[in-house]
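Structure file start-v2.cif (mmCIF, C-alpha atoms and all ligand atoms) is printed below.
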data_structure
loop_
_atom_site.label_atom_id
_atom_site.label_comp_id
_atom_site.auth_asym_id
_atom_site.auth_seq_id
_atom_site.Cartn_x
_atom_site.Cartn_y
_atom_site.Cartn_z
CA MET K 1150 -98.71 8.14 -177.15
CA GLY K 1151 -97.47 9.26 -180.57
CA SER K 1152 -93.97 10.52 -181.29
CA TYR K 1153 -94.93 14.13 -182.10
CA ASP K 1154 -94.85 16.97 -179.58
CA ASN K 1155 -95.88 20.05 -181.60
CA VAL K 1156 -97.54 21.30 -184.78
CA ALA K 1157 -96.23 24.01 -187.11
CA ILE K 1158 -98.87 25.51 -189.39
CA ILE K 1159 -97.62 27.51 -192.34
CA GLY K 1160 -100.19 30.08 -193.46
CA GLY K 1161 -102.65 32.21 -191.51
CA GLY K 1162 -105.58 32.08 -193.91
CA MET K 1163 -108.96 30.81 -192.76
CA ALA K 1164 -107.92 27.13 -192.92
CA GLY K 1165 -104.69 27.58 -190.95
CA LEU K 1166 -106.29 29.78 -188.30
CA ARG K 1167 -109.20 27.42 -187.77
CA LEU K 1168 -106.85 24.47 -187.36
CA ALA K 1169 -104.59 26.47 -185.00
CA GLU K 1170 -107.56 27.43 -182.83
CA LYS K 1171 -108.82 23.87 -182.57
CA LEU K 1172 -105.40 22.29 -181.96
CA ALA K 1173 -104.67 24.78 -179.18
CA GLY K 1174 -108.12 24.00 -177.77
CA SER K 1175 -107.15 20.30 -177.77
CA ASP K 1176 -104.02 21.07 -175.70
CA ILE K 1177 -101.62 20.53 -178.57
CA TYR K 1178 -98.69 22.94 -178.79
CA VAL K 1179 -99.13 24.79 -182.07
CA THR K 1180 -97.25 27.59 -183.80
CA LEU K 1181 -98.69 29.28 -186.87
CA TYR K 1182 -96.41 31.25 -189.21
CA GLU K 1183 -98.01 33.88 -191.43
CA GLY K 1184 -96.00 35.69 -194.09
CA LYS K 1185 -97.96 38.95 -193.84
CA ARG K 1186 -97.93 41.24 -190.81
CA ASP K 1187 -101.72 41.42 -190.89
CA VAL K 1188 -103.81 38.28 -191.51
CA SER K 1189 -106.49 40.35 -193.25
CA TYR K 1190 -104.03 41.75 -195.81
CA LEU K 1191 -105.13 39.41 -198.62
CA ALA K 1192 -108.75 39.02 -197.54
CA ASP K 1193 -110.34 41.50 -199.96
CA ARG K 1194 -108.98 39.64 -202.97
CA ALA K 1195 -111.66 37.01 -202.54
CA SER K 1196 -115.45 37.13 -202.27
CA GLY K 1197 -117.31 36.04 -199.19
CA VAL K 1198 -120.25 33.95 -200.37
CA LEU K 1199 -120.77 30.99 -198.06
CA SER K 1200 -123.70 28.60 -198.00
CA VAL K 1201 -126.01 28.95 -195.01
CA SER K 1202 -125.87 25.17 -194.52
CA GLY K 1203 -122.05 25.13 -194.56
CA VAL K 1204 -121.77 28.06 -192.16
CA ASN K 1205 -124.19 26.41 -189.74
CA ARG K 1206 -122.52 23.00 -189.98
CA LEU K 1207 -119.09 24.47 -189.32
CA GLY K 1208 -120.40 26.75 -186.56
CA ILE K 1209 -118.75 29.81 -188.10
CA ASP K 1210 -119.51 32.94 -186.10
CA TYR K 1211 -120.44 35.21 -188.98
CA SER K 1212 -122.64 37.74 -187.20
CA GLY K 1213 -120.06 40.54 -187.09
CA ALA K 1214 -119.09 40.00 -190.74
CA LEU K 1215 -122.52 39.73 -192.36
CA LYS K 1216 -123.01 41.99 -195.39
CA ASN K 1217 -125.99 40.40 -197.09
CA VAL K 1218 -128.19 37.32 -197.36
CA LEU K 1219 -128.90 35.67 -200.73
CA ASP K 1220 -131.89 33.55 -201.62
CA GLY K 1221 -131.59 33.21 -205.36
CA ALA K 1222 -129.61 33.49 -208.55
CA VAL K 1223 -130.11 34.44 -212.16
CA ILE K 1224 -127.95 32.39 -214.51
CA TYR K 1225 -127.22 33.94 -217.89
CA SER K 1226 -125.82 32.55 -221.10
CA SER K 1227 -125.50 34.72 -224.22
CA ARG K 1228 -129.18 34.34 -225.17
CA GLN K 1229 -130.87 32.59 -222.27
CA GLN K 1230 -131.45 33.20 -218.62
CA MET K 1231 -132.80 31.11 -215.78
CA LYS K 1232 -133.90 32.39 -212.40
CA VAL K 1233 -133.77 30.22 -209.31
CA VAL K 1234 -135.27 31.53 -206.10
CA SER K 1235 -135.49 29.56 -202.92
CA GLU K 1236 -137.98 30.02 -200.10
CA LYS K 1237 -135.16 30.02 -197.57
CA PRO K 1238 -131.90 31.99 -197.47
CA GLN K 1239 -129.22 30.04 -199.33
CA ALA K 1240 -126.04 32.00 -198.76
CA TYR K 1241 -124.43 34.72 -196.70
CA VAL K 1242 -122.22 37.41 -198.16
CA LEU K 1243 -119.55 37.94 -195.53
CA ASP K 1244 -116.89 40.59 -195.07
CA ARG K 1245 -113.68 38.58 -195.53
CA LYS K 1246 -111.53 41.04 -193.58
CA LEU K 1247 -113.79 40.90 -190.53
CA LEU K 1248 -114.18 37.13 -190.85
CA ILE K 1249 -110.45 36.48 -190.78
CA LYS K 1250 -109.85 38.97 -187.98
CA GLU K 1251 -112.37 37.01 -185.93
CA ALA K 1252 -110.63 33.72 -186.82
CA TYR K 1253 -107.29 35.25 -185.74
CA ALA K 1254 -108.75 36.45 -182.43
CA ASN K 1255 -110.26 33.00 -181.80
CA ALA K 1256 -106.93 31.25 -182.46
CA LYS K 1257 -105.08 33.67 -180.15
CA ARG K 1258 -107.72 33.27 -177.46
CA ALA K 1259 -107.43 29.47 -177.66
CA GLY K 1260 -103.69 29.77 -176.96
CA ALA K 1261 -102.09 29.22 -180.40
CA ASN K 1262 -98.68 30.86 -180.90
CA ILE K 1263 -98.97 33.07 -183.95
CA VAL K 1264 -95.91 34.53 -185.62
CA LEU K 1265 -96.88 37.29 -188.05
CA GLY K 1266 -94.66 38.71 -190.80
CA LYS K 1267 -92.68 35.46 -191.08
CA ARG K 1268 -92.68 33.97 -194.56
CA LEU K 1269 -90.80 30.68 -194.30
CA ASP K 1270 -88.42 29.81 -197.13
CA GLU K 1271 -87.47 26.31 -198.20
CA ALA K 1272 -84.50 26.02 -195.80
CA GLU K 1273 -86.64 27.19 -192.87
CA LEU K 1274 -89.38 24.75 -193.80
CA ASN K 1275 -86.90 21.89 -193.95
CA SER K 1276 -85.47 22.87 -190.56
CA LEU K 1277 -88.94 22.33 -189.01
CA ASP K 1278 -88.72 18.69 -190.07
CA ASP K 1279 -87.13 17.36 -186.85
CA GLY K 1280 -89.18 14.18 -186.37
CA LYS K 1281 -91.19 15.73 -183.51
CA THR K 1282 -93.16 18.28 -185.50
CA VAL K 1283 -96.27 17.82 -187.60
CA ILE K 1284 -95.99 20.33 -190.44
CA VAL K 1285 -99.20 21.65 -191.97
CA GLY K 1286 -99.15 23.52 -195.26
CA ALA K 1287 -102.12 25.90 -195.09
CA ASP K 1288 -100.23 28.33 -197.26
CA GLY K 1289 -102.61 28.78 -200.14
CA PRO K 1290 -102.57 28.03 -203.86
CA ALA K 1291 -98.82 28.55 -204.39
CA SER K 1292 -97.95 26.41 -201.35
CA SER K 1293 -94.25 26.59 -200.43
CA VAL K 1294 -94.75 23.60 -198.16
CA ALA K 1295 -95.98 21.51 -201.09
CA LYS K 1296 -92.92 22.54 -203.11
CA ALA K 1297 -90.40 22.05 -200.30
CA PHE K 1298 -91.66 18.55 -199.49
CA GLY K 1299 -92.14 17.39 -203.07
CA PHE K 1300 -95.93 17.10 -203.36
CA THR K 1301 -97.38 16.67 -206.85
CA PRO K 1302 -98.46 20.01 -208.31
CA ILE K 1303 -102.02 21.32 -208.65
CA LYS K 1304 -103.02 20.82 -212.27
CA GLU K 1305 -105.15 23.87 -212.97
CA PHE K 1306 -105.72 27.39 -211.67
CA LEU K 1307 -108.36 30.01 -212.32
CA LEU K 1308 -107.14 33.58 -212.70
CA THR K 1309 -109.63 35.95 -211.09
CA TYR K 1310 -110.42 39.63 -211.13
CA LYS K 1311 -112.96 41.36 -208.92
CA ALA K 1312 -114.05 44.93 -208.32
CA VAL K 1313 -116.49 46.71 -206.01
CA TYR K 1314 -118.88 49.41 -207.21
CA GLU K 1315 -120.61 51.92 -204.93
CA ASN K 1316 -123.77 54.01 -205.41
CA VAL K 1317 -125.40 51.72 -207.94
CA ASN K 1318 -129.09 50.93 -208.16
CA TYR K 1319 -129.58 47.22 -207.54
CA PRO K 1320 -133.06 46.62 -206.12
CA GLU K 1321 -132.91 42.79 -206.15
CA SER K 1322 -130.29 42.72 -203.44
CA SER K 1323 -130.90 39.08 -202.46
CA ILE K 1324 -130.17 37.78 -205.97
CA VAL K 1325 -126.70 36.92 -207.24
CA ARG K 1326 -126.12 36.93 -211.02
CA LEU K 1327 -123.87 34.49 -212.85
CA PHE K 1328 -122.82 35.01 -216.47
CA PHE K 1329 -121.61 32.03 -218.47
CA ASP K 1330 -119.71 33.24 -221.50
CA ASN K 1331 -116.86 31.04 -222.66
CA ALA K 1332 -115.67 33.74 -225.05
CA ILE K 1333 -114.78 35.86 -222.00
CA SER K 1334 -114.55 33.75 -218.85
CA LYS K 1335 -113.73 30.26 -220.09
CA GLY K 1336 -113.29 27.96 -217.12
CA LEU K 1337 -115.62 29.76 -214.72
CA PHE K 1338 -118.14 32.60 -215.14
CA GLY K 1339 -118.66 36.25 -214.40
CA TRP K 1340 -120.49 37.19 -211.21
CA LEU K 1341 -122.43 40.02 -209.67
CA ILE K 1342 -122.66 39.69 -205.91
CA PRO K 1343 -124.83 42.29 -204.19
CA TYR K 1344 -123.61 43.65 -200.85
CA SER K 1345 -126.73 45.83 -200.60
CA ASN K 1346 -129.12 47.80 -202.84
CA ASP K 1347 -126.40 50.24 -203.77
CA ARG K 1348 -123.13 48.30 -203.46
CA ILE K 1349 -122.12 45.36 -205.63
CA GLU K 1350 -119.12 43.24 -206.47
CA LEU K 1351 -118.36 42.17 -210.03
CA GLY K 1352 -115.83 39.52 -210.82
CA LEU K 1353 -114.82 36.67 -213.04
CA GLY K 1354 -112.48 33.75 -213.36
CA VAL K 1355 -110.71 32.41 -216.40
CA SER K 1356 -108.71 29.21 -216.69
CA GLU K 1357 -104.97 29.85 -216.88
CA LYS K 1358 -104.91 27.05 -219.46
CA THR K 1359 -106.52 29.43 -221.96
CA LYS K 1360 -103.52 31.76 -221.44
CA GLY K 1361 -106.21 34.31 -220.58
CA ASN K 1362 -105.65 37.61 -218.84
CA SER K 1363 -108.25 38.12 -216.11
CA LYS K 1364 -108.08 41.94 -216.17
CA GLN K 1365 -108.65 42.12 -219.93
CA ALA K 1366 -111.46 39.58 -219.61
CA PHE K 1367 -112.98 41.70 -216.83
CA GLU K 1368 -112.88 44.82 -219.02
CA LYS K 1369 -114.92 42.94 -221.64
CA PHE K 1370 -117.26 41.55 -218.98
CA VAL K 1371 -118.30 44.98 -217.64
CA LYS K 1372 -119.40 45.89 -221.17
CA ASN K 1373 -122.05 43.14 -221.02
CA SER K 1374 -125.36 44.98 -221.44
CA ASN K 1375 -126.82 43.53 -218.22
CA ILE K 1376 -123.80 44.73 -216.26
CA HIS K 1377 -123.43 48.04 -218.04
CA ALA K 1378 -127.05 48.88 -217.25
CA ILE K 1379 -126.13 48.70 -213.55
CA VAL K 1380 -122.64 50.18 -213.29
CA ASP K 1381 -122.83 52.54 -216.27
CA SER K 1382 -119.59 54.55 -216.37
CA ARG K 1383 -118.82 54.30 -212.64
CA LYS K 1384 -115.28 53.55 -211.55
CA ALA K 1385 -114.65 50.68 -209.16
CA SER K 1386 -113.79 51.62 -205.57
CA SER K 1387 -111.38 48.67 -205.31
CA GLU K 1388 -110.01 46.04 -207.71
CA TYR K 1389 -108.01 42.86 -207.13
CA ALA K 1390 -106.55 40.06 -209.20
CA SER K 1391 -105.99 36.67 -207.62
CA VAL K 1392 -105.89 32.96 -208.26
CA ILE K 1393 -107.93 29.89 -207.31
CA PRO K 1394 -106.61 26.32 -207.50
CA ILE K 1395 -109.03 23.76 -208.88
CA GLY K 1396 -108.71 20.02 -208.57
CA ALA K 1397 -107.24 18.57 -205.39
CA ARG K 1398 -103.63 17.41 -205.32
CA ARG K 1399 -103.20 13.69 -205.89
CA VAL K 1400 -101.52 13.34 -202.47
CA THR K 1401 -102.06 15.60 -199.44
CA VAL K 1402 -100.06 13.76 -196.74
CA LYS K 1403 -96.42 12.70 -196.79
CA GLY K 1404 -95.09 11.33 -193.51
CA ASN K 1405 -95.40 14.17 -191.00
CA VAL K 1406 -96.42 16.83 -193.56
CA LEU K 1407 -100.00 17.52 -194.58
CA LEU K 1408 -101.76 20.10 -196.72
CA VAL K 1409 -105.14 21.76 -196.11
CA GLY K 1410 -107.36 24.31 -197.83
CA ASP K 1411 -106.19 25.91 -201.07
CA ALA K 1412 -102.73 24.39 -200.55
CA ALA K 1413 -104.37 20.99 -201.03
CA GLY K 1414 -106.68 22.23 -203.82
CA GLN K 1415 -109.80 21.59 -201.72
CA THR K 1416 -111.97 24.05 -203.65
CA LYS K 1417 -115.26 23.67 -205.51
CA ALA K 1418 -114.20 23.81 -209.14
CA THR K 1419 -117.65 24.95 -210.33
CA THR K 1420 -117.54 28.19 -208.34
CA GLY K 1421 -114.02 28.55 -206.95
CA GLY K 1422 -115.46 28.61 -203.42
CA GLY K 1423 -112.93 27.16 -201.04
CA LEU K 1424 -113.96 28.05 -197.52
CA ILE K 1425 -116.59 25.43 -196.72
CA PHE K 1426 -114.55 22.48 -198.03
CA GLY K 1427 -111.20 23.92 -196.88
CA LEU K 1428 -112.45 24.48 -193.33
CA SER K 1429 -114.21 21.10 -193.29
CA CYS K 1430 -110.92 19.47 -194.27
CA ALA K 1431 -109.11 21.49 -191.58
CA ASP K 1432 -111.49 19.84 -189.09
CA VAL K 1433 -110.60 16.42 -190.52
CA ALA K 1434 -106.90 17.33 -190.18
CA LEU K 1435 -107.55 18.24 -186.54
CA GLN K 1436 -108.99 14.79 -185.80
CA SER K 1437 -106.11 13.03 -187.54
CA ILE K 1438 -103.47 15.09 -185.74
CA VAL K 1439 -105.15 14.57 -182.35
CA ASN K 1440 -105.26 10.82 -183.07
CA ALA K 1441 -101.59 10.85 -184.08
CA PHE K 1442 -100.62 12.64 -180.85
CA LYS K 1443 -102.84 10.70 -178.48
CA ASN K 1444 -103.15 7.24 -180.06
CA GLY K 1445 -100.13 7.03 -182.35
CA ARG K 1446 -102.34 6.80 -185.46
CA PRO K 1447 -100.64 7.55 -188.80
CA LEU K 1448 -101.29 11.01 -190.26
CA SER K 1449 -102.27 9.30 -193.51
CA ASP K 1450 -105.70 8.85 -191.85
CA TYR K 1451 -106.26 12.48 -192.89
CA GLU K 1452 -106.02 11.67 -196.59
CA ARG K 1453 -108.41 8.73 -196.32
CA SER K 1454 -110.92 10.59 -194.16
CA TRP K 1455 -111.24 13.82 -196.10
CA ARG K 1456 -111.49 11.98 -199.41
CA LYS K 1457 -114.17 9.71 -197.97
CA LEU K 1458 -116.20 12.67 -196.72
CA TYR K 1459 -115.66 15.22 -199.48
CA GLY K 1460 -113.72 13.56 -202.32
CA LEU K 1461 -116.78 12.54 -204.34
CA ASP K 1462 -118.34 16.00 -204.17
CA LEU K 1463 -115.10 17.77 -205.08
CA ASN K 1464 -114.70 15.35 -207.97
CA MET K 1465 -118.23 15.97 -209.23
CA HIS K 1466 -117.67 19.74 -209.10
CA ARG K 1467 -114.45 19.26 -211.05
CA ARG K 1468 -116.09 17.12 -213.74
CA LEU K 1469 -118.98 19.53 -214.14
CA GLN K 1470 -116.61 22.49 -214.43
CA SER K 1471 -114.46 20.65 -216.93
CA TYR K 1472 -117.58 19.81 -218.97
CA TYR K 1473 -119.00 23.32 -219.25
CA SER K 1474 -115.56 24.85 -219.78
CA ASN K 1475 -115.36 22.96 -223.04
CA LEU K 1476 -118.72 24.10 -224.42
CA ASP K 1477 -119.01 26.93 -226.90
CA ASN K 1478 -121.53 29.69 -226.21
CA ARG K 1479 -124.18 28.20 -228.51
CA SER K 1480 -124.00 24.91 -226.63
CA ILE K 1481 -124.26 26.74 -223.30
CA ASP K 1482 -127.37 28.51 -224.63
CA ARG K 1483 -128.85 25.20 -225.70
CA ALA K 1484 -128.03 23.57 -222.36
CA LEU K 1485 -129.65 26.39 -220.38
CA TYR K 1486 -132.71 26.31 -222.65
CA LEU K 1487 -133.07 22.56 -222.10
CA LEU K 1488 -132.54 22.81 -218.35
CA LYS K 1489 -135.36 25.36 -218.16
CA LYS K 1490 -137.64 23.16 -220.29
CA LEU K 1491 -136.93 20.24 -217.96
CA GLY K 1492 -137.88 22.35 -214.95
CA PHE K 1493 -134.36 22.45 -213.53
CA ASP K 1494 -135.07 25.89 -212.05
CA SER K 1495 -137.79 24.55 -209.76
CA PHE K 1496 -135.64 21.47 -209.03
CA LEU K 1497 -132.84 23.77 -207.85
CA SER K 1498 -135.27 25.96 -205.89
CA LYS K 1499 -136.41 22.92 -203.93
CA HIS K 1500 -133.33 20.70 -203.75
CA GLY K 1501 -130.37 22.96 -204.56
CA ASP K 1502 -127.27 22.69 -202.39
CA MET K 1503 -124.43 25.09 -203.11
CA ASP K 1504 -121.76 22.75 -201.79
CA SER K 1505 -122.81 19.17 -202.13
CA ILE K 1506 -124.05 17.71 -205.42
CA LYS K 1507 -124.32 14.40 -203.54
CA THR K 1508 -126.72 15.92 -200.98
CA MET K 1509 -128.76 17.55 -203.75
CA MET K 1510 -129.17 14.21 -205.51
CA LYS K 1511 -130.14 12.48 -202.28
CA ARG K 1512 -132.75 15.15 -201.51
CA ALA K 1513 -134.22 14.79 -204.97
CA PHE K 1514 -134.30 11.02 -205.29
CA ILE K 1515 -134.51 9.58 -201.80
CA ARG K 1516 -137.82 10.23 -200.10
CA LYS K 1517 -137.93 9.79 -196.35
C1 LIG N 1601 -111.72 36.16 -206.41
C2 LIG N 1601 -111.97 35.07 -205.42
C3 LIG N 1601 -113.25 34.88 -204.93
C4 LIG N 1601 -113.51 33.87 -204.01
N1 LIG N 1601 -114.77 33.75 -203.52
C5 LIG N 1601 -115.04 32.82 -202.59
C6 LIG N 1601 -116.33 32.74 -202.02
O1 LIG N 1601 -117.21 33.53 -202.33
N2 LIG N 1601 -116.56 31.75 -201.11
C7 LIG N 1601 -115.58 30.87 -200.74
O2 LIG N 1601 -115.85 29.97 -199.94
N3 LIG N 1601 -114.35 30.94 -201.26
C8 LIG N 1601 -114.04 31.90 -202.16
N4 LIG N 1601 -112.79 31.99 -202.69
C9 LIG N 1601 -111.78 31.00 -202.29
C10 LIG N 1601 -111.28 31.28 -200.89
O3 LIG N 1601 -110.93 32.63 -200.76
C11 LIG N 1601 -110.08 30.37 -200.60
O4 LIG N 1601 -110.47 29.04 -200.84
C12 LIG N 1601 -109.61 30.52 -199.17
O5 LIG N 1601 -109.20 31.84 -198.89
C13 LIG N 1601 -108.44 29.58 -198.92
O6 LIG N 1601 -108.04 29.70 -197.59
P1 LIG N 1601 -106.66 29.07 -197.14
O7 LIG N 1601 -106.56 29.35 -195.68
O8 LIG N 1601 -106.58 27.66 -197.60
O9 LIG N 1601 -105.53 29.85 -197.95
P2 LIG N 1601 -105.21 31.39 -198.10
O10 LIG N 1601 -106.39 32.23 -197.79
O11 LIG N 1601 -104.57 31.55 -199.44
O12 LIG N 1601 -104.13 31.67 -196.97
C14 LIG N 1601 -102.80 31.25 -197.11
C15 LIG N 1601 -101.93 32.12 -196.22
O13 LIG N 1601 -100.61 31.57 -196.22
C16 LIG N 1601 -99.67 32.63 -196.20
N5 LIG N 1601 -98.41 32.09 -196.72
C17 LIG N 1601 -98.16 31.63 -197.98
N6 LIG N 1601 -96.90 31.15 -198.06
C18 LIG N 1601 -96.35 31.30 -196.82
C19 LIG N 1601 -95.07 30.99 -196.27
N7 LIG N 1601 -94.11 30.41 -197.00
N8 LIG N 1601 -94.83 31.28 -194.96
C20 LIG N 1601 -95.81 31.87 -194.20
N9 LIG N 1601 -97.04 32.18 -194.68
C21 LIG N 1601 -97.30 31.90 -195.97
C22 LIG N 1601 -100.31 33.71 -197.08
O14 LIG N 1601 -99.80 34.99 -196.77
C23 LIG N 1601 -101.79 33.56 -196.72
O15 LIG N 1601 -102.18 34.42 -195.68
C24 LIG N 1601 -112.48 33.00 -203.59
C25 LIG N 1601 -111.17 33.19 -204.06
C26 LIG N 1601 -110.92 34.22 -204.96
C27 LIG N 1601 -109.52 34.43 -205.45
#

Starting from the coordinates I provided, produce the structure as structure tokens.
Amino acid sequence: MGSYDNVAIIGGGMAGLRLAEKLAGSDIYVTLYEGKRDVSYLADRASGVLSVSGVNRLGIDYSGALKNVLDGAVIYSSRQQMKVVSEKPQAYVLDRKLLIKEAYANAKRAGANIVLGKRLDEAELNSLDDGKTVIVGADGPASSVAKAFGFTPIKEFLLTYKAVYENVNYPESSIVRLFFDNAISKGLFGWLIPYSNDRIELGLGVSEKTKGNSKQAFEKFVKNSNIHAIVDSRKASSEYASVIPIGARRVTVKGNVLLVGDAAGQTKATTGGGLIFGLSCADVALQSIVNAFKNGRPLSDYERSWRKLYGLDLNMHRRLQSYYSNLDNRSIDRALYLLKKLGFDSFLSKHGDMDSIKTMMKRAFIRK
């Protein structure tokens, strides 16, 4: 038997709630503290595009939250565009509020203690550190747990802005559009995510290193002729600014404290998507905590295991993002032109994987 007798999870986002549900289901006493009174309070700040393969692998019950199904993308640079359409659905667009409400209900049902409206400060976090408690920081990009326990900082953040538009005419409702323009959204891209034929989300991310302002960048983005043709002079029905960490922290376990999800920086740097990797790492954390409780294994197993499973992919996403962030628009044009010439669109249609570059390469080069 290990020396721990309970787990305290800080943060009731998707990663914290999933871990709470599974720990409670493994008969481990778990208390989750969430700063907001309602777990869905922050949900609309983010988009809900999740790969079909990731959702299936993680067994996420998405049925009640499904808004749309995507099977393709058009990628734009200033002068080029490339369309990639797959024969099978590639991604779900999910309602983040409904998704997190479901995750909350599941954690409650499994028997997790959930304390809402309790934002722990540094003194309260330190008081949890009694030698018997495993402390999990699932408290998002500005993790207080990471600060309180002296973890190395996350090196880069993307500043985001997104808005929803109603009553538009968007016939290709299974196609997402991505706009690479380093004069506006350096560090990421602009996106158009369809919810349906007449409801879309527009958004973008910009590296905070550029000292950019995401709202100002967004105002320029909606003037893009391809976007303007769709939204015209309509006003958004909702708008949110937020932040995405990119690049995992150098260390994610210290003694009895571990970090998961955005708190650990477990996001795909190329897209800012954090749910599939964050939840996958929450499952790895579950295994390590169960092993610490039942077999006395060190919690540092978590660090080794998640890096072994997902470290290479997260690294490749980070390198790719860092590469295209440093291109000027002419070079992006040239790159897209070349990719089309080389048939990269049909390569992606056949072998594309939204999450795992490693899997995509294997599919392309290793024949069974
Ligand atoms: C604009 C945007 C679009 C995105 N689109 C996608 C997408 O399409 N697909 C995708 O997979 N991902 C997307 N993401 C990323 C995804 O939303 C995050 O990776 C995910 O929400 C991280 O979940 P989490 O549980 O780790 O952290 P969070 O969701 O940030 O949850 C952390 C929780 O901790 C709480 N908290 C913080 N400090 C304390 C404290 N001291 N005490 C108690 N509680 C505390 C907060 O209130 C919060 O509820 C997007 C993000 C943004 C900003």

Please return as an MDAnalysis selection string the residues found within 7 Å of ligand LIG 1601 (chain N), counting only C-alpha atoms and all ligand atoms.
chainID K and resid 1159:1165 1182:1185 1188 1191 1194:1199 1267:1270 1287:1290 1292:1294 1309:1311 1352 1391:1393 1409:1412 1416 1421:1425 1427

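Proximity to Gly1174 (chain K) was assessed for K:Phe1426, K:Val1439, K:Ile1284, K:Gly1266 counting only C-alpha atoms; the smallest distance is recorded for K:Val1439.
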
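Taking CA of Ser1495 (chain K) as the reference point, CA of Ala1513 (chain K) is found at 11.4 Å.
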
Shell around region 1332-1335 of chain K at 6 Å using all atoms listed in the file, local window under 6 positions removed, as a ChimeraX atom specification:
/K:1354-1355,1366,1474

Draw an axis-aligned box over all listed atoms of region 1260-1268 of chain K, pad each side with 4 Å, and write its centre and edge lengths in Å, one decimal, as JSON.
{"center_x": -98.2, "center_y": 34.0, "center_z": -185.8, "size_x": 19.0, "size_y": 17.5, "size_z": 25.6}

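A cut-off of 9 Å from the point (-133.1, 28.6, -215.6), with all atoms listed in the file, picks out the residues Val1223, Ile1224, Tyr1225, Gln1229, Gln1230, Met1231, Lys1232, Val1233, Leu1485, Tyr1486, Leu1487, Leu1488, Lys1489, Lys1490, Gly1492, Phe1493, Asp1494 and Ser1495 of chain K.
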
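Distance annotation: of K:Leu1353, K:Ala1434, K:Leu1448, K:Leu1469, the residue with the minimal separation from Glu1388 (chain K) is K:Leu1353; atom set is all atoms listed in the file.
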
Residue contacts of Ile1342 (chain K) (6 Å, all atoms listed in the file) excluding same-chain residues fewer than 2 positions away, as number ranges by chain
K: 1325, 1349-1350
